[in-house]
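*Asks:* Below is protein-v6.cif; it holds mmCIF, C-alpha atoms (C1' of nucleotides).
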```cif
data_start
loop_
_atom_site.group_PDB
_atom_site.id
_atom_site.type_symbol
_atom_site.label_atom_id
_atom_site.label_comp_id
_atom_site.auth_asym_id
_atom_site.auth_seq_id
_atom_site.Cartn_x
_atom_site.Cartn_y
_atom_site.Cartn_z
ATOM 1 C CA MET E 1000 0.000 0.000 0.000
ATOM 2 C CA PRO E 1001 2.385 2.663 1.085
ATOM 3 C CA GLU E 1002 4.921 4.423 -1.054
ATOM 4 C CA LEU E 1003 6.787 7.486 0.108
ATOM 5 C CA PRO E 1004 3.840 9.917 -0.012
ATOM 6 C CA GLU E 1005 1.706 7.619 2.138
ATOM 7 C CA VAL E 1006 4.535 7.129 4.625
ATOM 8 C CA GLU E 1007 5.057 10.888 4.786
ATOM 9 C CA THR E 1008 1.328 11.412 5.311
ATOM 10 C CA ILE E 1009 1.320 8.879 8.136
ATOM 11 C CA ARG E 1010 4.407 10.559 9.606
ATOM 12 C CA ARG E 1011 2.643 13.909 9.603
ATOM 13 C CA GLY E 1012 -0.329 12.307 11.299
ATOM 14 C CA LEU E 1013 1.720 10.539 13.965
ATOM 15 C CA GLU E 1014 4.142 13.363 14.728
ATOM 16 C CA PRO E 1015 1.840 15.628 16.771
ATOM 17 C CA VAL E 1016 0.438 12.623 18.646
ATOM 18 C CA LEU E 1017 3.704 10.896 19.423
ATOM 19 C CA GLU E 1018 6.116 13.727 20.127
ATOM 20 C CA GLY E 1019 6.634 13.935 23.843
ATOM 21 C CA VAL E 1020 4.437 11.008 24.831
ATOM 22 C CA HIS E 1021 5.506 8.659 27.563
ATOM 23 C CA ILE E 1022 5.122 5.036 26.474
ATOM 24 C CA CYS E 1023 3.641 3.249 29.451
ATOM 25 C CA ASP E 1024 2.821 -0.105 27.913
ATOM 26 C CA VAL E 1025 3.875 -2.145 24.874
ATOM 27 C CA ASP E 1026 2.126 -5.234 23.572
ATOM 28 C CA VAL E 1027 3.784 -7.424 20.929
ATOM 29 C CA ARG E 1028 1.097 -9.834 19.789
ATOM 30 C CA ARG E 1029 3.053 -12.026 17.392
ATOM 31 C CA LYS E 1030 6.461 -13.587 17.458
ATOM 32 C CA ASP E 1031 7.237 -12.123 14.055
ATOM 33 C CA LEU E 1032 6.170 -9.879 11.245
ATOM 34 C CA ARG E 1033 8.464 -10.016 8.246
ATOM 35 C CA PHE E 1034 11.303 -10.627 10.716
ATOM 36 C CA PRO E 1035 11.072 -12.149 14.194
ATOM 37 C CA PHE E 1036 10.836 -9.669 17.050
ATOM 38 C CA PRO E 1037 14.100 -9.902 19.012
ATOM 39 C CA PRO E 1038 13.868 -10.964 22.655
ATOM 40 C CA GLY E 1039 13.041 -8.096 24.991
ATOM 41 C CA PHE E 1040 11.670 -5.933 22.184
ATOM 42 C CA ALA E 1041 8.692 -4.619 24.143
ATOM 43 C CA ALA E 1042 10.715 -4.086 27.325
ATOM 44 C CA LYS E 1043 13.218 -1.890 25.471
ATOM 45 C CA ILE E 1044 10.424 0.445 24.378
ATOM 46 C CA LYS E 1045 8.328 0.489 27.532
ATOM 47 C CA GLY E 1046 8.971 3.503 29.754
ATOM 48 C CA ARG E 1047 10.598 5.579 27.010
ATOM 49 C CA ARG E 1048 9.540 8.997 25.810
ATOM 50 C CA VAL E 1049 9.229 9.807 22.106
ATOM 51 C CA LEU E 1050 11.489 12.585 20.869
ATOM 52 C CA SER E 1051 10.565 12.829 17.203
ATOM 53 C CA VAL E 1052 8.952 11.111 14.225
ATOM 54 C CA SER E 1053 10.906 11.354 10.997
ATOM 55 C CA ARG E 1054 11.194 9.476 7.722
ATOM 56 C CA ARG E 1055 13.867 8.080 5.437
ATOM 57 C CA ALA E 1056 12.537 6.805 2.108
ATOM 58 C CA LYS E 1057 9.636 4.511 3.088
ATOM 59 C CA TYR E 1058 10.918 4.018 6.635
ATOM 60 C CA LEU E 1059 9.295 5.733 9.607
ATOM 61 C CA LEU E 1060 11.804 6.603 12.318
ATOM 62 C CA ILE E 1061 10.499 7.075 15.846
ATOM 63 C CA ALA E 1062 13.314 8.431 18.024
ATOM 64 C CA LEU E 1063 13.216 7.516 21.712
ATOM 65 C CA ASP E 1064 14.763 9.391 24.611
ATOM 66 C CA ASP E 1065 17.474 6.787 25.266
ATOM 67 C CA GLY E 1066 19.024 7.000 21.809
ATOM 68 C CA GLN E 1067 17.109 4.108 20.291
ATOM 69 C CA VAL E 1068 15.084 4.501 17.116
ATOM 70 C CA LEU E 1069 11.973 2.442 16.434
ATOM 71 C CA VAL E 1070 12.152 1.794 12.699
ATOM 72 C CA SER E 1071 8.883 0.945 10.978
ATOM 73 C CA HIS E 1072 8.446 -0.275 7.441
ATOM 74 C CA LEU E 1073 4.853 -0.765 6.293
ATOM 75 C CA GLY E 1074 5.512 -3.343 3.586
ATOM 76 C CA MET E 1075 2.461 -3.677 1.353
ATOM 77 C CA SER E 1076 -0.349 -3.522 3.854
ATOM 78 C CA GLY E 1077 0.918 -1.937 7.067
ATOM 79 C CA SER E 1078 -0.780 0.983 8.754
ATOM 80 C CA TRP E 1079 -0.683 2.890 12.035
ATOM 81 C CA ARG E 1080 -3.799 3.816 13.922
ATOM 82 C CA VAL E 1081 -4.219 6.124 16.885
ATOM 83 C CA ASP E 1082 -7.105 5.857 19.331
ATOM 84 C CA GLU E 1083 -7.428 8.450 22.045
ATOM 85 C CA TRP E 1084 -9.327 8.101 25.264
ATOM 86 C CA ALA E 1085 -9.747 9.941 28.530
ATOM 87 C CA SER E 1086 -7.210 9.316 31.248
ATOM 88 C CA GLY E 1087 -8.605 7.279 34.140
ATOM 89 C CA ASN E 1088 -10.853 5.125 31.970
ATOM 90 C CA SER E 1089 -9.703 1.899 30.431
ATOM 91 C CA PHE E 1090 -9.555 1.625 26.668
ATOM 92 C CA GLU E 1091 -12.546 0.167 24.884
ATOM 93 C CA TYR E 1092 -12.772 -0.814 21.274
ATOM 94 C CA PRO E 1093 -15.624 0.750 19.292
ATOM 95 C CA ARG E 1094 -18.749 -1.297 18.838
ATOM 96 C CA SER E 1095 -17.431 -2.646 15.533
ATOM 97 C CA GLY E 1096 -14.986 -4.646 17.649
ATOM 98 C CA LYS E 1097 -11.271 -5.244 17.650
ATOM 99 C CA PRO E 1098 -9.807 -5.001 14.171
ATOM 100 C CA ALA E 1099 -8.019 -8.068 12.850
ATOM 101 C CA HIS E 1100 -4.231 -8.015 12.403
ATOM 102 C CA ASP E 1101 -3.337 -5.558 15.148
ATOM 103 C CA HIS E 1102 0.178 -6.888 15.805
ATOM 104 C CA PHE E 1103 1.857 -4.236 17.907
ATOM 105 C CA VAL E 1104 0.230 -1.846 20.371
ATOM 106 C CA MET E 1105 1.722 0.954 22.436
ATOM 107 C CA GLN E 1106 -0.166 2.728 25.173
ATOM 108 C CA ALA E 1107 1.092 6.218 25.792
ATOM 109 C CA GLY E 1108 0.180 9.334 27.659
ATOM 110 C CA ARG E 1109 0.894 13.041 27.660
ATOM 111 C CA GLY E 1110 -0.740 15.413 30.066
ATOM 112 C CA GLY E 1111 -4.259 14.144 30.654
ATOM 113 C CA ASN E 1112 -4.509 12.401 27.282
ATOM 114 C CA MET E 1113 -4.071 8.693 26.719
ATOM 115 C CA PHE E 1114 -3.289 7.237 23.317
ATOM 116 C CA ARG E 1115 -3.284 3.735 21.939
ATOM 117 C CA ILE E 1116 -0.958 3.539 18.954
ATOM 118 C CA THR E 1117 -1.443 0.396 16.916
ATOM 119 C CA TYR E 1118 0.464 -1.168 14.031
ATOM 120 C CA ASN E 1119 -1.837 -3.219 11.805
ATOM 121 C CA ASP E 1120 -0.580 -5.332 8.897
ATOM 122 C CA PRO E 1121 -2.706 -8.081 7.284
ATOM 123 C CA ARG E 1122 -0.021 -9.349 4.912
ATOM 124 C CA ARG E 1123 2.801 -8.962 7.419
ATOM 125 C CA PHE E 1124 5.349 -7.812 4.843
ATOM 126 C CA GLY E 1125 6.124 -4.873 7.093
ATOM 127 C CA PHE E 1126 8.411 -4.936 10.097
ATOM 128 C CA LEU E 1127 9.495 -3.073 13.206
ATOM 129 C CA LEU E 1128 12.995 -2.992 14.570
ATOM 130 C CA LEU E 1129 15.068 -1.106 17.093
ATOM 131 C CA CYS E 1130 18.368 0.466 16.212
ATOM 132 C CA HIS E 1131 20.584 2.956 17.975
ATOM 133 C CA ALA E 1132 20.502 6.380 16.331
ATOM 134 C CA SER E 1133 24.273 6.313 15.903
ATOM 135 C CA GLU E 1134 24.044 3.058 13.926
ATOM 136 C CA LEU E 1135 21.065 3.948 11.805
ATOM 137 C CA GLU E 1136 23.066 5.241 8.847
ATOM 138 C CA SER E 1137 25.109 2.060 8.715
ATOM 139 C CA HIS E 1138 22.146 -0.273 9.158
ATOM 140 C CA PRO E 1139 22.030 -2.746 6.241
ATOM 141 C CA LEU E 1140 18.459 -1.755 5.366
ATOM 142 C CA ILE E 1141 19.204 1.965 5.393
ATOM 143 C CA CYS E 1142 22.772 2.344 4.215
ATOM 144 C CA LYS E 1143 22.178 1.313 0.604
ATOM 145 C CA LEU E 1144 19.241 3.660 0.064
ATOM 146 C CA GLY E 1145 19.566 6.221 -2.701
ATOM 147 C CA ILE E 1146 18.572 9.870 -2.677
ATOM 148 C CA GLU E 1147 15.278 11.281 -1.443
ATOM 149 C CA PRO E 1148 13.003 12.192 -4.361
ATOM 150 C CA MET E 1149 11.906 15.326 -2.489
ATOM 151 C CA GLY E 1150 15.474 16.426 -1.731
ATOM 152 C CA ASN E 1151 17.822 18.798 -3.516
ATOM 153 C CA MET E 1152 19.884 15.996 -5.022
ATOM 154 C CA LEU E 1153 17.271 14.954 -7.566
ATOM 155 C CA SER E 1154 17.936 16.638 -10.912
ATOM 156 C CA GLY E 1155 18.372 15.840 -14.565
ATOM 157 C CA ASP E 1156 22.133 15.746 -14.033
ATOM 158 C CA PHE E 1157 21.748 13.246 -11.217
ATOM 159 C CA LEU E 1158 19.588 10.945 -13.331
ATOM 160 C CA GLN E 1159 21.992 11.201 -16.255
ATOM 161 C CA SER E 1160 24.926 10.056 -14.151
ATOM 162 C CA ALA E 1161 22.897 7.433 -12.251
ATOM 163 C CA PHE E 1162 21.553 5.918 -15.465
ATOM 164 C CA ALA E 1163 24.795 5.965 -17.458
ATOM 165 C CA ASN E 1164 25.554 2.463 -18.764
ATOM 166 C CA LYS E 1165 22.380 1.039 -17.195
ATOM 167 C CA SER E 1166 20.719 -1.418 -19.515
ATOM 168 C CA ALA E 1167 17.598 -1.812 -17.354
ATOM 169 C CA PRO E 1168 14.406 -0.160 -18.584
ATOM 170 C CA LEU E 1169 13.463 3.152 -16.962
ATOM 171 C CA LYS E 1170 10.671 1.447 -15.020
ATOM 172 C CA SER E 1171 13.107 -0.884 -13.248
ATOM 173 C CA ALA E 1172 15.743 1.770 -12.656
ATOM 174 C CA LEU E 1173 13.224 4.069 -10.986
ATOM 175 C CA LEU E 1174 12.000 1.262 -8.743
ATOM 176 C CA ASP E 1175 15.602 0.600 -7.656
ATOM 177 C CA GLN E 1176 15.757 1.956 -4.099
ATOM 178 C CA ARG E 1177 19.567 2.247 -4.334
ATOM 179 C CA ILE E 1178 19.208 5.075 -6.858
ATOM 180 C CA ILE E 1179 16.107 6.967 -5.703
ATOM 181 C CA ALA E 1180 14.624 5.733 -2.444
ATOM 182 C CA GLY E 1181 10.894 5.848 -1.902
ATOM 183 C CA LEU E 1182 9.345 5.451 -5.338
ATOM 184 C CA GLY E 1183 7.052 2.468 -5.824
ATOM 185 C CA ASN E 1184 5.058 1.030 -8.669
ATOM 186 C CA ILE E 1185 2.325 3.653 -8.682
ATOM 187 C CA TYR E 1186 4.419 6.781 -8.700
ATOM 188 C CA VAL E 1187 6.950 5.385 -11.156
ATOM 189 C CA CYS E 1188 4.122 4.755 -13.622
ATOM 190 C CA GLU E 1189 2.704 8.221 -12.994
ATOM 191 C CA ALA E 1190 6.068 10.007 -13.207
ATOM 192 C CA LEU E 1191 6.959 8.330 -16.503
ATOM 193 C CA TRP E 1192 3.600 9.351 -17.920
ATOM 194 C CA ARG E 1193 4.088 12.962 -16.814
ATOM 195 C CA ALA E 1194 7.536 12.973 -18.363
ATOM 196 C CA GLY E 1195 6.270 11.445 -21.612
ATOM 197 C CA LEU E 1196 8.827 8.647 -21.390
ATOM 198 C CA SER E 1197 8.213 5.003 -22.208
ATOM 199 C CA PRO E 1198 8.716 2.640 -19.251
ATOM 200 C CA MET E 1199 10.549 0.315 -21.664
ATOM 201 C CA ARG E 1200 13.187 2.855 -22.665
ATOM 202 C CA LYS E 1201 16.710 1.788 -21.787
ATOM 203 C CA SER E 1202 17.857 3.914 -18.864
ATOM 204 C CA ALA E 1203 21.178 4.653 -20.515
ATOM 205 C CA MET E 1204 19.383 6.481 -23.336
ATOM 206 C CA LEU E 1205 18.708 9.274 -20.851
ATOM 207 C CA ALA E 1206 22.404 9.535 -20.088
ATOM 208 C CA SER E 1207 23.697 10.383 -23.547
ATOM 209 C CA PRO E 1208 25.294 13.834 -23.851
ATOM 210 C CA ASP E 1209 22.917 15.244 -26.489
ATOM 211 C CA MET E 1210 20.447 17.981 -25.696
ATOM 212 C CA GLN E 1211 17.415 15.751 -26.191
ATOM 213 C CA ALA E 1212 18.542 13.339 -23.464
ATOM 214 C CA LYS E 1213 19.412 16.216 -21.180
ATOM 215 C CA ILE E 1214 15.931 17.647 -21.575
ATOM 216 C CA ALA E 1215 14.284 14.252 -21.060
ATOM 217 C CA ALA E 1216 16.290 13.609 -17.887
ATOM 218 C CA SER E 1217 15.413 17.000 -16.513
ATOM 219 C CA LYS E 1218 11.757 16.481 -17.392
ATOM 220 C CA LEU E 1219 11.790 13.145 -15.589
ATOM 221 C CA ALA E 1220 13.330 14.682 -12.458
ATOM 222 C CA ASP E 1221 10.615 17.354 -12.475
ATOM 223 C CA ALA E 1222 7.908 14.734 -13.028
ATOM 224 C CA ILE E 1223 9.105 12.636 -10.087
ATOM 225 C CA ARG E 1224 9.269 15.648 -7.803
ATOM 226 C CA GLY E 1225 5.865 16.853 -8.979
ATOM 227 C CA VAL E 1226 4.001 13.581 -8.639
ATOM 228 C CA ILE E 1227 5.365 12.992 -5.132
ATOM 229 C CA ALA E 1228 4.570 16.547 -4.047
ATOM 230 C CA ASP E 1229 1.026 16.318 -5.434
ATOM 231 C CA ALA E 1230 0.424 12.991 -3.709
ATOM 232 C CA ILE E 1231 1.667 14.300 -0.364
ATOM 233 C CA ALA E 1232 -0.520 17.373 -0.759
ATOM 234 C CA ALA E 1233 -3.532 15.131 -1.432
ATOM 235 C CA GLY E 1234 -2.648 12.863 1.499
ATOM 236 C CA GLY E 1235 -2.269 15.890 3.703
ATOM 237 C CA SER E 1236 -5.739 17.022 2.828
ATOM 238 C CA HIS E 1237 -6.932 13.638 4.065
ATOM 239 C CA LEU E 1238 -5.608 14.204 7.587
ATOM 240 C CA ARG E 1239 -8.330 14.638 10.146
ATOM 241 C CA ASP E 1240 -7.227 16.546 13.210
ATOM 242 C CA TYR E 1241 -3.972 14.984 14.275
ATOM 243 C CA VAL E 1242 -4.798 11.395 13.510
ATOM 244 C CA GLN E 1243 -4.187 9.585 10.245
ATOM 245 C CA THR E 1244 -6.177 6.472 10.866
ATOM 246 C CA ASP E 1245 -4.805 4.368 8.057
ATOM 247 C CA GLY E 1246 -2.322 4.200 5.223
ATOM 248 C CA ALA E 1247 -4.916 4.875 2.559
ATOM 249 C CA LEU E 1248 -3.896 6.742 -0.526
ATOM 250 C CA GLY E 1249 -5.897 9.790 0.395
ATOM 251 C CA TYR E 1250 -7.516 11.607 -2.440
ATOM 252 C CA PHE E 1251 -4.614 11.230 -4.823
ATOM 253 C CA GLN E 1252 -5.838 7.842 -5.997
ATOM 254 C CA HIS E 1253 -8.671 9.678 -7.701
ATOM 255 C CA SER E 1254 -6.184 11.551 -9.829
ATOM 256 C CA PHE E 1255 -4.054 8.751 -11.230
ATOM 257 C CA SER E 1256 -3.426 9.342 -14.904
ATOM 258 C CA VAL E 1257 -2.457 5.806 -15.897
ATOM 259 C CA TYR E 1258 -1.994 3.612 -12.814
ATOM 260 C CA GLY E 1259 -4.769 1.030 -12.543
ATOM 261 C CA ARG E 1260 -6.463 2.486 -15.644
ATOM 262 C CA GLU E 1261 -5.953 -0.276 -18.191
ATOM 263 C CA LYS E 1262 -8.121 0.294 -21.292
ATOM 264 C CA LEU E 1263 -9.376 3.642 -19.945
ATOM 265 C CA PRO E 1264 -8.530 6.724 -22.006
ATOM 266 C CA CYS E 1265 -5.214 8.512 -21.497
ATOM 267 C CA PRO E 1266 -6.116 11.905 -19.954
ATOM 268 C CA GLN E 1267 -3.855 13.585 -22.499
ATOM 269 C CA CYS E 1268 -4.790 11.983 -25.816
ATOM 270 C CA GLY E 1269 -7.609 9.514 -25.188
ATOM 271 C CA THR E 1270 -5.643 6.467 -26.341
ATOM 272 C CA PRO E 1271 -6.535 3.455 -24.150
ATOM 273 C CA VAL E 1272 -3.959 2.939 -21.377
ATOM 274 C CA LYS E 1273 -1.860 -0.201 -21.808
ATOM 275 C CA ARG E 1274 -0.885 -2.652 -19.085
ATOM 276 C CA ILE E 1275 2.228 -4.767 -19.412
ATOM 277 C CA VAL E 1276 4.358 -6.707 -16.921
ATOM 278 C CA GLN E 1277 7.953 -5.673 -16.274
ATOM 279 C CA ALA E 1278 10.121 -7.542 -13.794
ATOM 280 C CA GLY E 1279 6.984 -9.158 -12.438
ATOM 281 C CA ARG E 1280 5.182 -5.873 -11.771
ATOM 282 C CA SER E 1281 2.318 -4.239 -13.635
ATOM 283 C CA THR E 1282 3.228 -1.213 -15.695
ATOM 284 C CA PHE E 1283 0.562 1.172 -16.969
ATOM 285 C CA TYR E 1284 1.390 3.639 -19.729
ATOM 286 C CA CYS E 1285 0.144 5.437 -22.837
ATOM 287 C CA GLU E 1286 1.883 4.198 -25.951
ATOM 288 C CA ASN E 1287 0.975 7.378 -27.785
ATOM 289 C CA CYS E 1288 2.213 9.938 -25.229
ATOM 290 C CA GLN E 1289 5.184 8.015 -23.836
ATOM 291 C CA MET E 1290 8.120 7.487 -26.206
ATOM 292 C "C1'" DC H 500 28.121 -7.655 -11.369
ATOM 293 C "C1'" DG H 501 23.215 -6.535 -13.248
ATOM 294 C "C1'" DG H 502 18.686 -7.926 -14.122
ATOM 295 C "C1'" DC H 503 15.026 -10.969 -13.538
ATOM 296 C "C1'" DA H 504 11.910 -14.305 -11.291
ATOM 297 C "C1'" DT H 505 10.504 -15.883 -7.093
ATOM 298 C "C1'" DA H 506 9.091 -16.118 -2.212
ATOM 299 C "C1'" DC H 507 6.938 -14.139 1.704
ATOM 300 C "C1'" DC H 508 1.237 -13.623 3.399
ATOM 301 C "C1'" DT H 509 -3.640 -12.341 3.398
ATOM 302 C "C1'" DG H 510 -7.611 -10.167 1.272
ATOM 303 C "C1'" DC H 511 -10.357 -9.076 -2.383
ATOM 304 C "C1'" DA H 512 -12.537 -8.984 -6.899
ATOM 305 C "C1'" DA H 513 -13.586 -11.360 -10.988
ATOM 306 C "C1'" DG H 514 -14.986 -15.368 -13.259
ATOM 307 C "C1'" DC H 515 -17.065 -19.735 -13.493
ATOM 308 C "C1'" DT Z 418 -24.235 -18.430 -3.565
ATOM 309 C "C1'" DG Z 419 -19.738 -20.519 -3.324
ATOM 310 C "C1'" DC Z 420 -15.662 -21.963 -5.063
ATOM 311 C "C1'" DT Z 421 -11.178 -21.047 -7.611
ATOM 312 C "C1'" DT Z 422 -7.995 -18.012 -9.629
ATOM 313 C "C1'" DG Z 423 -5.243 -14.129 -10.107
ATOM 314 C "C1'" DC Z 424 -3.679 -9.991 -8.494
ATOM 315 C "C1'" DA Z 425 -2.100 -6.340 -5.028
ATOM 316 C "C1'" DG Z 426 1.181 -0.389 -3.669
ATOM 317 C "C1'" DG Z 427 7.654 -3.891 -1.081
ATOM 318 C "C1'" DT Z 428 11.915 -6.107 -0.310
ATOM 319 C "C1'" DA Z 429 15.384 -9.915 0.024
ATOM 320 C "C1'" DT Z 430 17.159 -13.792 -2.107
ATOM 321 C "C1'" DG Z 431 19.020 -16.756 -5.481
ATOM 322 C "C1'" DC Z 432 19.877 -17.802 -10.139
ATOM 323 C "C1'" DC Z 433 21.655 -16.937 -14.850
#
```
Could you express the structure from this file as structure tokens?

*Replies:*
Amino acid sequence: MPELPEVETIRRGLEPVLEGVHICDVDVRRKDLRFPFPPGFAAKIKGRRVLSVSRRAKYLLIALDDGQVLVSHLGMSGSWRVDEWASGNSFEYPRSGKPAHDHFVMQAGRGGNMFRITYNDPRRFGFLLLCHASELESHPLICKLGIEPMGNMLSGDFLQSAFANKSAPLKSALLDQRIIAGLGNIYVCEALWRAGLSPMRKSAMLASPDMQAKIAASKLADAIRGVIADAIAAGGSHLRDYVQTDGALGYFQHSFSVYGREKLPCPQCGTPVKRIVQAGRSTFYCENCQM
DNA sequence: CGGCATACCTGCAAGC
DNA sequence: TGCTTGCAGGTATGCC
């Protein structure tokens, strides 16, 4: 479910709830998600205070007051939910009952407010781990990540040097987290459509020194930045108060140009959108607009 | 090494 | 209606 814009939206929802809370109870309800929980996982979190909620690529980073960082990756179906209730009462689930697949629950308080912060993940491709802040950058899952698509590094020049000599199609290269970290299947499809570039184009074609390639690379960088910014803006508009209750795509899913729109008309030219499979993943594109 | 298929797991929609 | 099938937004692994 979540690509970078969804993770950023969840981060913005969690930040005002979590910052400063005292974690008074932690409940780990499975022995594993994608990875096994290490022994003592809950005990290392219990009693801590949350300093900040940040993000690197699709990873949520919850910094604790003893130097540990709770790292959360949502996989395909993970989400965080916050329930608030009045201090002094015990928590009660709404009448609809306890949701399935709540795997990790923290109870936390700040002032007179009590929060229950729950990680839910039906497919269990996500994971939670603890890492010391000083070792985060060298963590095997983090250290190979490429640049942030919202950061200053992303430019036509960057793409030209990153794609030089790469034989992989643009679709695969953009999904490669070691180059740009945080793009997933949806936003790669959308960015390529905005840039008017075929997902099958060899990446190296963008790296040639001629003006045409330079323009295409720069257009692609702008398209990536734009599609991510638009999706975050749409996700942000989905925030209610301080709580983002799930990892839904917000309103941006209503403005996909090609993703999930096989046989529907291209918004630009009306040609039916094509679906193909590349490296085992669906690719949606317009064969008329994307060359 | 790069690039691709596969595995992990559950839920859901489409098709019969 | 109820079953089967295929597909899903991510990442690590192993194979060529």

*Asks:* Which residues of chain E are close to chain Z, meaning at most 8 Å apart when you count only C-alpha atoms (C1' of nucleotides), and how do they look as a JSON list (two decimals) with C-alpha atoms, in the coordinates of the input?

*Replies:*
```json
[["chain", "number", "residue", "atom", "x", "y", "z"],
["E", 1000, "MET", "CA", 0.00, 0.00, 0.00],
["E", 1001, "PRO", "CA", 2.38, 2.66, 1.08],
["E", 1002, "GLU", "CA", 4.92, 4.42, -1.05],
["E", 1074, "GLY", "CA", 5.51, -3.34, 3.59],
["E", 1075, "MET", "CA", 2.46, -3.68, 1.35],
["E", 1124, "PHE", "CA", 5.35, -7.81, 4.84],
["E", 1183, "GLY", "CA", 7.05, 2.47, -5.82],
["E", 1184, "ASN", "CA", 5.06, 1.03, -8.67],
["E", 1185, "ILE", "CA", 2.33, 3.65, -8.68]]
```

*Asks:* Please indicate the distance in Å from CA of Arg1260 (chain E) to CA of Arg1193 (chain E), rounded to one decimal place.

*Replies:*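 Spanning CA of Arg1260 (chain E) to CA of Arg1193 (chain E) is a straight-line distance of 14.9 Å.
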
*Asks:* Decode the PyMOL selection byres ((chain H) within 9 of (chain E)) for the given file into explicit residues and return them as a list of chain:residue names.

*Replies:*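 Written out, the selection comes to H:DG501, H:DG502, H:DC503, H:DA504, H:DC507, H:DC508, H:DT509, H:DG510.
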
*Asks:* Enclose region 1079-1090 of chain E, meaning all of its atoms listed in the file, in a box aligned along x, y and z, pad it by 6 Å on each side, and list the centre and edge lengths in Å to one decimal, as JSON.

*Replies:*
```
{"center_x": -5.8, "center_y": 5.8, "center_z": 23.1, "size_x": 22.2, "size_y": 20.3, "size_z": 34.1}
```

*Asks:* Of the residues E:Ala1212, E:Ile1141, E:Leu1127, E:Ala1099, which is the one nearest to Pro1035 (chain E), using only C-alpha atoms?

*Replies:*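 Once distances to Pro1035 (chain E) are computed over only C-alpha atoms, the minimum belongs to E:Leu1127.
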
*Asks:* List the residues matched by the PyMOL selection byres ((chain E and resi 1228) around 12) in the displayed structure as a list of chain:residue names, ordered by chain and then by residue number.

*Replies:* E:Leu1003, E:Pro1004, E:Glu1005, E:Glu1007, E:Thr1008, E:Pro1148, E:Met1149, E:Gly1150, E:Tyr1186, E:Ala1190, E:Asp1221, E:Ala1222, E:Ile1223, E:Arg1224, E:Gly1225, E:Val1226, E:Ile1227, E:Asp1229, E:Ala1230, E:Ile1231, E:Ala1232, E:Ala1233, E:Gly1234, E:Gly1235, E:Phe1251

*Asks:* Provide the CA of Cys1142 (chain E) to CA of Tyr1058 (chain E) distance in Å, to one decimal place.

*Replies:* 12.2 Å

*Asks:* Please, what distance in Å, to one decimal, runs between CA of Lys1273 (chain E) and CA of Arg1200 (chain E)?

*Replies:*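 Atom-to-atom, CA of Lys1273 (chain E) and CA of Arg1200 (chain E) are spaced 15.4 Å apart.
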
*Asks:* Please list as a ChimeraX atom specification every residue within 6 Å of region 1009-1025 of chain E, counting only C-alpha atoms (C1' of nucleotides) and excluding residues in the same chain fewer than 6 positions away.

*Replies:* /E:1041,1045-1052,1104-1109,1241-1243

*Asks:* Next, the residues of the selection above should be written as an mmCIF file, in the coordinates of the input with C-alpha atoms.

*Replies:*
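Writing the result to again.cif gives the following:
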```
data_model
loop_
_atom_site.group_PDB
_atom_site.id
_atom_site.type_symbol
_atom_site.label_atom_id
_atom_site.label_comp_id
_atom_site.auth_asym_id
_atom_site.auth_seq_id
_atom_site.Cartn_x
_atom_site.Cartn_y
_atom_site.Cartn_z
ATOM 1 C CA ALA E 1041 8.692 -4.619 24.143
ATOM 2 C CA LYS E 1045 8.328 0.489 27.532
ATOM 3 C CA GLY E 1046 8.971 3.503 29.754
ATOM 4 C CA ARG E 1047 10.598 5.579 27.010
ATOM 5 C CA ARG E 1048 9.540 8.997 25.810
ATOM 6 C CA VAL E 1049 9.229 9.807 22.106
ATOM 7 C CA LEU E 1050 11.489 12.585 20.869
ATOM 8 C CA SER E 1051 10.565 12.829 17.203
ATOM 9 C CA VAL E 1052 8.952 11.111 14.225
ATOM 10 C CA VAL E 1104 0.230 -1.846 20.371
ATOM 11 C CA MET E 1105 1.722 0.954 22.436
ATOM 12 C CA GLN E 1106 -0.166 2.728 25.173
ATOM 13 C CA ALA E 1107 1.092 6.218 25.792
ATOM 14 C CA GLY E 1108 0.180 9.334 27.659
ATOM 15 C CA ARG E 1109 0.894 13.041 27.660
ATOM 16 C CA TYR E 1241 -3.972 14.984 14.275
ATOM 17 C CA VAL E 1242 -4.798 11.395 13.510
ATOM 18 C CA GLN E 1243 -4.187 9.585 10.245
#
```

*Asks:* Could you list the residues chosen by the PyMOL selection byres ((chain E and resi 1069) around 6) in this structure as a list in words?

*Replies:*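 Output from the PyMOL selection byres ((chain E and resi 1069) around 6), applied to this file: Leu1060, Ile1061, Val1068, Val1070, Leu1128 and Leu1129 of chain E.
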
*Asks:* Out of E:Asp1175, E:Glu1091, E:His1072, E:Asn1119, which residue has the shortest atom-to-atom distance to Ile1146 (chain E) when counting only C-alpha atoms?

*Replies:*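 Of E:Asp1175, E:Glu1091, E:His1072, E:Asn1119, the one nearest Ile1146 (chain E), counting only C-alpha atoms, is E:Asp1175.
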
*Asks:* If we count only C-alpha atoms (C1' of nucleotides) and set the cut-off at 9 Å, which residues sit around Gly1111 (chain E), ignoring sequence neighbours fewer than 3 positions away in its own chain? Please answer as JSON, numbers by chain.

*Replies:* {"E": [1085, 1086, 1087, 1108]}

*Asks:* Could region 500-511 of chain H be written out with C-alpha atoms (C1' of nucleotides), as a compact mmCIF listing (two decimals), in the first residue's frame, please?

*Replies:*
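Output file decode-v2.txt is given in full below:
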```txt
# COMPACT_ATOMS: atom_id res chain seq x y z
C1' DC H 500 28.12 -7.65 -11.37
C1' DG H 501 23.22 -6.54 -13.25
C1' DG H 502 18.69 -7.93 -14.12
C1' DC H 503 15.03 -10.97 -13.54
C1' DA H 504 11.91 -14.31 -11.29
C1' DT H 505 10.50 -15.88 -7.09
C1' DA H 506 9.09 -16.12 -2.21
C1' DC H 507 6.94 -14.14 1.70
C1' DC H 508 1.24 -13.62 3.40
C1' DT H 509 -3.64 -12.34 3.40
C1' DG H 510 -7.61 -10.17 1.27
C1' DC H 511 -10.36 -9.08 -2.38
```
